[in-house]
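Enquirer: Pasting a structure here, questions to come.
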Amino acid sequence: MKAEKLKDLVITALEDMKGKDITCLDISKITTITDFMIVATGTSSRHVKSLTEEVGQKSKEAGCSVYGMEGQGQAEWILVDLGDVVVHVMQEES
(Lines give C-alpha, C1' and ligand atoms only; values in the text may rest on other atoms or scores of the structure.)
Protein backbone atom coordinates (compact mmCIF):
# COMPACT_ATOMS: atom_id res chain seq x y z
CA MET A 1 0.00 0.00 0.00
CA LYS A 2 1.31 3.45 -0.88
CA ALA A 3 2.21 5.81 1.95
CA GLU A 4 -0.58 8.25 1.08
CA LYS A 5 -3.29 5.55 1.28
CA LEU A 6 -1.84 4.16 4.51
CA LYS A 7 -1.85 7.67 6.00
CA ASP A 8 -5.53 8.07 5.09
CA LEU A 9 -6.37 4.64 6.54
CA VAL A 10 -4.68 5.54 9.85
CA ILE A 11 -6.40 8.91 10.10
CA THR A 12 -9.79 7.31 9.41
CA ALA A 13 -9.18 4.64 12.07
CA LEU A 14 -8.24 7.30 14.62
CA GLU A 15 -11.27 9.42 13.73
CA ASP A 16 -13.60 6.41 13.95
CA MET A 17 -12.33 5.70 17.47
CA LYS A 18 -12.79 9.34 18.54
CA GLY A 19 -9.09 10.25 18.65
CA LYS A 20 -8.54 13.92 19.40
CA ASP A 21 -6.19 16.55 17.96
CA ILE A 22 -5.17 14.36 15.00
CA THR A 23 -2.24 15.96 13.19
CA CYS A 24 -0.40 14.62 10.15
CA LEU A 25 3.09 15.80 9.25
CA ASP A 26 4.63 15.08 5.85
CA ILE A 27 8.29 14.58 6.76
CA SER A 28 9.35 12.83 3.55
CA LYS A 29 11.53 15.78 2.49
CA ILE A 30 13.49 15.91 5.77
CA THR A 31 14.11 12.24 6.58
CA THR A 32 14.30 8.86 4.90
CA ILE A 33 13.02 7.00 7.96
CA THR A 34 9.33 7.54 7.20
CA ASP A 35 7.06 9.64 4.99
CA PHE A 36 4.34 10.64 7.45
CA MET A 37 4.17 11.14 11.19
CA ILE A 38 0.70 11.16 12.69
CA VAL A 39 0.09 12.43 16.23
CA ALA A 40 -3.18 12.00 18.11
CA THR A 41 -4.46 12.34 21.66
CA GLY A 42 -6.48 9.83 23.66
CA THR A 43 -8.54 10.67 26.73
CA SER A 44 -7.19 7.88 28.98
CA SER A 45 -4.70 5.01 28.93
CA ARG A 46 -7.48 2.67 27.86
CA HIS A 47 -8.45 5.02 25.01
CA VAL A 48 -4.81 5.37 23.87
CA LYS A 49 -4.46 1.59 23.82
CA SER A 50 -7.75 1.16 21.92
CA LEU A 51 -6.73 3.75 19.33
CA THR A 52 -3.42 2.03 18.61
CA GLU A 53 -4.98 -1.44 18.54
CA GLU A 54 -7.50 -0.17 15.96
CA VAL A 55 -4.71 1.34 13.85
CA GLY A 56 -2.81 -1.96 13.98
CA GLN A 57 -5.90 -4.03 13.16
CA LYS A 58 -6.99 -1.86 10.21
CA SER A 59 -3.44 -1.78 8.84
CA LYS A 60 -3.13 -5.56 8.97
CA GLU A 61 -6.55 -5.99 7.34
CA ALA A 62 -5.32 -3.78 4.49
CA GLY A 63 -2.28 -6.02 4.05
CA CYS A 64 0.28 -3.74 5.72
CA SER A 65 2.87 -4.79 8.26
CA VAL A 66 3.06 -3.44 11.78
CA TYR A 67 6.80 -3.31 12.41
CA GLY A 68 6.51 -2.42 16.07
CA MET A 69 4.45 -1.01 18.90
CA GLU A 70 6.17 0.61 21.84
CA GLY A 71 4.71 1.87 25.12
CA GLN A 72 1.71 -0.41 25.52
CA GLY A 73 2.54 -1.19 29.15
CA GLN A 74 1.51 2.12 30.69
CA ALA A 75 -0.26 3.36 27.55
CA GLU A 76 0.55 7.00 28.24
CA TRP A 77 2.30 7.30 24.88
CA ILE A 78 2.26 4.53 22.28
CA LEU A 79 4.23 4.56 19.04
CA VAL A 80 3.09 2.42 16.10
CA ASP A 81 5.65 1.84 13.33
CA LEU A 82 3.99 1.06 10.00
CA GLY A 83 7.09 1.78 7.91
CA ASP A 84 5.99 4.67 5.69
CA VAL A 85 3.79 5.99 8.51
CA VAL A 86 4.71 6.36 12.17
CA VAL A 87 1.86 6.99 14.61
CA HIS A 88 2.19 8.57 18.06
CA VAL A 89 -0.87 8.36 20.31
CA MET A 90 -0.62 9.85 23.78
CA GLN A 91 -2.62 11.12 26.68
CA GLU A 92 -2.94 14.90 26.86
CA GLU A 93 -0.59 15.10 29.86
CA SER A 94 2.18 13.38 27.91
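In the C-alpha coordinates, chains take letters A, B, ... by order of appearance, with residues numbered from 1 within each chain and ligands from 1 in the order shown.
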Env of segment 19-33 of chain A: 9 Å cut, atoms = only C-alpha atoms, seq-sep filter 6 positions within chain, self excluded. Answer as a PyMOL selection string.

Expert: chain A and resi 7+11+13+39-43+47-48+51+83-84+89

Enquirer: Could those selected residues go to a file with N, CA, C and O atoms, as a tab-separated table (two decimals), in the first residue's frame?

Expert:
```
chain	number	residue	atom	x	y	z
A	7	LYS	N	-1.61	6.48	5.17
A	7	LYS	CA	-1.85	7.67	6.00
A	7	LYS	C	-3.35	7.90	6.15
A	7	LYS	O	-3.85	8.11	7.26
A	11	ILE	N	-5.61	7.76	9.65
A	11	ILE	CA	-6.40	8.91	10.10
A	11	ILE	C	-7.87	8.52	10.26
A	11	ILE	O	-8.51	8.87	11.25
A	13	ALA	N	-9.07	5.51	10.89
A	13	ALA	CA	-9.18	4.64	12.07
A	13	ALA	C	-9.17	5.46	13.34
A	13	ALA	O	-9.97	5.21	14.27
A	39	VAL	N	0.17	12.26	14.78
A	39	VAL	CA	0.09	12.43	16.23
A	39	VAL	C	-1.37	12.61	16.60
A	39	VAL	O	-2.10	13.36	15.95
A	40	ALA	N	-1.79	11.88	17.64
A	40	ALA	CA	-3.18	12.00	18.11
A	40	ALA	C	-3.20	11.89	19.63
A	40	ALA	O	-2.27	11.38	20.25
A	41	THR	N	-4.28	12.36	20.22
A	41	THR	CA	-4.46	12.34	21.66
A	41	THR	C	-5.61	11.42	22.02
A	41	THR	O	-6.66	11.44	21.37
A	42	GLY	N	-5.41	10.65	23.09
A	42	GLY	CA	-6.48	9.83	23.66
A	42	GLY	C	-6.85	10.41	25.02
A	42	GLY	O	-6.06	11.12	25.65
A	43	THR	N	-8.04	10.08	25.50
A	43	THR	CA	-8.54	10.67	26.73
A	43	THR	C	-8.10	9.92	27.99
A	43	THR	O	-8.22	10.45	29.09
A	47	HIS	N	-8.12	4.45	26.31
A	47	HIS	CA	-8.45	5.02	25.01
A	47	HIS	C	-7.22	5.01	24.10
A	47	HIS	O	-7.31	4.67	22.91
A	48	VAL	N	-6.05	5.39	24.65
A	48	VAL	CA	-4.81	5.37	23.87
A	48	VAL	C	-4.54	3.96	23.35
A	48	VAL	O	-4.21	3.77	22.18
A	51	LEU	N	-7.04	3.05	20.58
A	51	LEU	CA	-6.73	3.75	19.33
A	51	LEU	C	-5.61	3.03	18.58
A	51	LEU	O	-5.71	2.79	17.37
A	83	GLY	N	6.15	1.59	9.02
A	83	GLY	CA	7.09	1.78	7.91
A	83	GLY	C	6.98	3.18	7.34
A	83	GLY	O	7.62	4.10	7.83
A	84	ASP	N	6.16	3.36	6.33
A	84	ASP	CA	5.99	4.67	5.69
A	84	ASP	C	5.23	5.66	6.56
A	84	ASP	O	5.22	6.86	6.29
A	89	VAL	N	0.38	8.09	19.62
A	89	VAL	CA	-0.87	8.36	20.31
A	89	VAL	C	-0.54	8.50	21.78
A	89	VAL	O	0.11	7.63	22.36
```

Enquirer: Which polymer residues have any atom within 12 Å of an atom of Gln57 of chain A, counting only C-alpha atoms, with same-chain residues fewer than 2 positions away left out, as a PDB file with N, CA and C atoms, in the first residue's frame?

Expert:
```
ATOM      1  N   LEU A   9      -5.793   5.748   5.772  1.00  0.00           N
ATOM      2  CA  LEU A   9      -6.371   4.645   6.540  1.00  0.00           C
ATOM      3  C   LEU A   9      -6.178   4.873   8.040  1.00  0.00           C
ATOM      4  N   VAL A  10      -4.973   5.292   8.436  1.00  0.00           N
ATOM      5  CA  VAL A  10      -4.677   5.536   9.854  1.00  0.00           C
ATOM      6  C   VAL A  10      -5.526   6.677  10.397  1.00  0.00           C
ATOM      7  N   ALA A  13      -9.068   5.515  10.885  1.00  0.00           N
ATOM      8  CA  ALA A  13      -9.179   4.641  12.067  1.00  0.00           C
ATOM      9  C   ALA A  13      -9.169   5.463  13.343  1.00  0.00           C
ATOM     10  N   LEU A  14      -8.299   6.453  13.431  1.00  0.00           N
ATOM     11  CA  LEU A  14      -8.240   7.305  14.618  1.00  0.00           C
ATOM     12  C   LEU A  14      -9.517   8.122  14.784  1.00  0.00           C
ATOM     13  N   SER A  50      -6.723   1.516  22.908  1.00  0.00           N
ATOM     14  CA  SER A  50      -7.755   1.163  21.916  1.00  0.00           C
ATOM     15  C   SER A  50      -7.471   1.808  20.564  1.00  0.00           C
ATOM     16  N   LEU A  51      -7.043   3.053  20.584  1.00  0.00           N
ATOM     17  CA  LEU A  51      -6.726   3.748  19.331  1.00  0.00           C
ATOM     18  C   LEU A  51      -5.610   3.030  18.582  1.00  0.00           C
ATOM     19  N   THR A  52      -4.549   2.672  19.285  1.00  0.00           N
ATOM     20  CA  THR A  52      -3.420   2.032  18.613  1.00  0.00           C
ATOM     21  C   THR A  52      -3.750   0.605  18.182  1.00  0.00           C
ATOM     22  N   GLU A  53      -4.553  -0.087  18.958  1.00  0.00           N
ATOM     23  CA  GLU A  53      -4.980  -1.436  18.543  1.00  0.00           C
ATOM     24  C   GLU A  53      -5.813  -1.362  17.274  1.00  0.00           C
ATOM     25  N   GLU A  54      -6.675  -0.354  17.165  1.00  0.00           N
ATOM     26  CA  GLU A  54      -7.498  -0.175  15.964  1.00  0.00           C
ATOM     27  C   GLU A  54      -6.620   0.143  14.748  1.00  0.00           C
ATOM     28  N   VAL A  55      -5.633   1.011  14.935  1.00  0.00           N
ATOM     29  CA  VAL A  55      -4.707   1.342  13.848  1.00  0.00           C
ATOM     30  C   VAL A  55      -3.979   0.082  13.379  1.00  0.00           C
ATOM     31  N   SER A  59      -4.619  -1.687   9.708  1.00  0.00           N
ATOM     32  CA  SER A  59      -3.444  -1.777   8.836  1.00  0.00           C
ATOM     33  C   SER A  59      -3.216  -3.211   8.386  1.00  0.00           C
ATOM     34  N   LYS A  60      -3.312  -4.146   9.315  1.00  0.00           N
ATOM     35  CA  LYS A  60      -3.133  -5.564   8.971  1.00  0.00           C
ATOM     36  C   LYS A  60      -4.211  -6.033   8.012  1.00  0.00           C
ATOM     37  N   GLU A  61      -5.451  -5.611   8.240  1.00  0.00           N
ATOM     38  CA  GLU A  61      -6.553  -5.988   7.343  1.00  0.00           C
ATOM     39  C   GLU A  61      -6.318  -5.489   5.923  1.00  0.00           C
ATOM     40  N   ALA A  62      -5.613  -4.351   5.806  1.00  0.00           N
ATOM     41  CA  ALA A  62      -5.316  -3.779   4.490  1.00  0.00           C
ATOM     42  C   ALA A  62      -4.052  -4.379   3.878  1.00  0.00           C
ATOM     43  N   GLY A  63      -3.447  -5.342   4.583  1.00  0.00           N
ATOM     44  CA  GLY A  63      -2.276  -6.016   4.049  1.00  0.00           C
ATOM     45  C   GLY A  63      -0.949  -5.356   4.381  1.00  0.00           C
ATOM     46  N   CYS A  64      -0.949  -4.428   5.322  1.00  0.00           N
ATOM     47  CA  CYS A  64       0.276  -3.736   5.723  1.00  0.00           C
ATOM     48  C   CYS A  64       0.878  -4.395   6.960  1.00  0.00           C
ATOM     49  N   SER A  65       2.165  -4.238   7.104  1.00  0.00           N
ATOM     50  CA  SER A  65       2.871  -4.792   8.263  1.00  0.00           C
ATOM     51  C   SER A  65       2.926  -3.766   9.383  1.00  0.00           C
ATOM     52  N   VAL A  66       2.807  -4.262  10.603  1.00  0.00           N
ATOM     53  CA  VAL A  66       3.063  -3.444  11.784  1.00  0.00           C
ATOM     54  C   VAL A  66       4.447  -3.861  12.261  1.00  0.00           C
ATOM     55  N   VAL A  80       3.372   3.513  17.029  1.00  0.00           N
ATOM     56  CA  VAL A  80       3.091   2.418  16.101  1.00  0.00           C
ATOM     57  C   VAL A  80       3.903   2.668  14.835  1.00  0.00           C
ATOM     58  N   LEU A  82       4.570   1.714  11.168  1.00  0.00           N
ATOM     59  CA  LEU A  82       3.994   1.059  10.000  1.00  0.00           C
ATOM     60  C   LEU A  82       4.902   1.220   8.776  1.00  0.00           C
TER      61      LEU A  82
END
```

Enquirer: Within 9 Å of Ser44 of chain A, counting only C-alpha atoms, which residues qualify if same-chain residues fewer than 4 places away don't, as a ChimeraX atom specification?

Expert: /A:48-49,75-76,90-92

Enquirer: Residues as selected, all heavy atoms, written as an mmCIF file, in the first residue's frame, can you do that?

Expert:
```cif
data_model
loop_
_atom_site.group_PDB
_atom_site.id
_atom_site.type_symbol
_atom_site.label_atom_id
_atom_site.label_comp_id
_atom_site.auth_asym_id
_atom_site.auth_seq_id
_atom_site.Cartn_x
_atom_site.Cartn_y
_atom_site.Cartn_z
ATOM 1 N N VAL A 48 -6.051 5.387 24.647
ATOM 2 C CA VAL A 48 -4.806 5.372 23.872
ATOM 3 C C VAL A 48 -4.542 3.962 23.349
ATOM 4 O O VAL A 48 -4.212 3.768 22.179
ATOM 5 C CB VAL A 48 -3.622 5.892 24.722
ATOM 6 C CG1 VAL A 48 -2.293 5.616 24.039
ATOM 7 C CG2 VAL A 48 -3.782 7.377 25.000
ATOM 8 N N LYS A 49 -4.693 2.983 24.215
ATOM 9 C CA LYS A 49 -4.461 1.592 23.816
ATOM 10 C C LYS A 49 -5.462 1.156 22.742
ATOM 11 O O LYS A 49 -5.094 0.508 21.757
ATOM 12 C CB LYS A 49 -4.545 0.674 25.034
ATOM 13 C CG LYS A 49 -3.956 -0.672 24.793
ATOM 14 C CD LYS A 49 -3.740 -1.404 26.089
ATOM 15 C CE LYS A 49 -2.935 -2.642 25.780
ATOM 16 N NZ LYS A 49 -2.394 -3.274 26.942
ATOM 17 N N ALA A 75 0.663 2.773 28.532
ATOM 18 C CA ALA A 75 -0.262 3.362 27.555
ATOM 19 C C ALA A 75 -0.453 4.863 27.754
ATOM 20 O O ALA A 75 -1.520 5.396 27.505
ATOM 21 C CB ALA A 75 -1.606 2.633 27.564
ATOM 22 N N GLU A 76 0.606 5.537 28.188
ATOM 23 C CA GLU A 76 0.553 6.997 28.240
ATOM 24 C C GLU A 76 0.924 7.579 26.884
ATOM 25 O O GLU A 76 0.434 8.629 26.493
ATOM 26 C CB GLU A 76 1.508 7.531 29.310
ATOM 27 C CG GLU A 76 1.060 7.198 30.710
ATOM 28 C CD GLU A 76 2.043 7.689 31.763
ATOM 29 O OE1 GLU A 76 3.000 8.418 31.427
ATOM 30 O OE2 GLU A 76 1.830 7.325 32.926
ATOM 31 N N MET A 90 -0.979 9.609 22.374
ATOM 32 C CA MET A 90 -0.622 9.852 23.775
ATOM 33 C C MET A 90 -1.764 10.517 24.523
ATOM 34 O O MET A 90 -2.673 11.078 23.910
ATOM 35 C CB MET A 90 0.626 10.716 23.851
ATOM 36 C CG MET A 90 0.481 12.074 23.201
ATOM 37 S SD MET A 90 2.056 12.894 22.929
ATOM 38 C CE MET A 90 2.568 12.110 21.424
ATOM 39 N N GLN A 91 -1.683 10.398 25.833
ATOM 40 C CA GLN A 91 -2.617 11.124 26.683
ATOM 41 C C GLN A 91 -2.230 12.588 26.667
ATOM 42 O O GLN A 91 -1.079 12.950 26.428
ATOM 43 C CB GLN A 91 -2.570 10.587 28.115
ATOM 44 C CG GLN A 91 -3.094 9.168 28.238
ATOM 45 C CD GLN A 91 -3.068 8.713 29.678
ATOM 46 O OE1 GLN A 91 -3.509 9.415 30.569
ATOM 47 N NE2 GLN A 91 -2.532 7.510 29.885
ATOM 48 N N GLU A 92 -3.177 13.455 26.937
ATOM 49 C CA GLU A 92 -2.943 14.898 26.864
ATOM 50 C C GLU A 92 -1.782 15.324 27.764
ATOM 51 O O GLU A 92 -0.969 16.167 27.375
ATOM 52 C CB GLU A 92 -4.199 15.644 27.238
ATOM 53 C CG GLU A 92 -4.125 17.114 26.954
ATOM 54 C CD GLU A 92 -5.460 17.826 27.107
ATOM 55 O OE1 GLU A 92 -6.492 17.158 27.161
ATOM 56 O OE2 GLU A 92 -5.432 19.065 27.155
#
```

Enquirer: Could you write out, as a PyMOL selection string, all the residues of chain A that DSSP marks as strand (DSSP E or B)?

Expert: chain A and resi 20-26+36-42+68-70+77-81+85-91

Enquirer: Quick one, how far is atom CA of Leu6 of chain A from atom CA of Glu70 of chain A?

Expert: 19.4 Å

Enquirer: So which one's closest to Met37 of chain A, A:Lys58, A:Lys18, A:His88, A:Lys2? Using only C-alpha atoms, please.

Expert: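 Among the listed residues, A:His88 lies closest to Met37 of chain A.
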
Enquirer: Let me make sure I understand: among A:Ile38, A:Ala3, A:Val87, A:Met17, which one has the smallest atom-to-atom distance to Met69 of chain A if we use only C-alpha atoms?

Expert: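 Going through A:Ile38, A:Ala3, A:Val87, A:Met17 one by one, the smallest distance to Met69 of chain A is for A:Val87.
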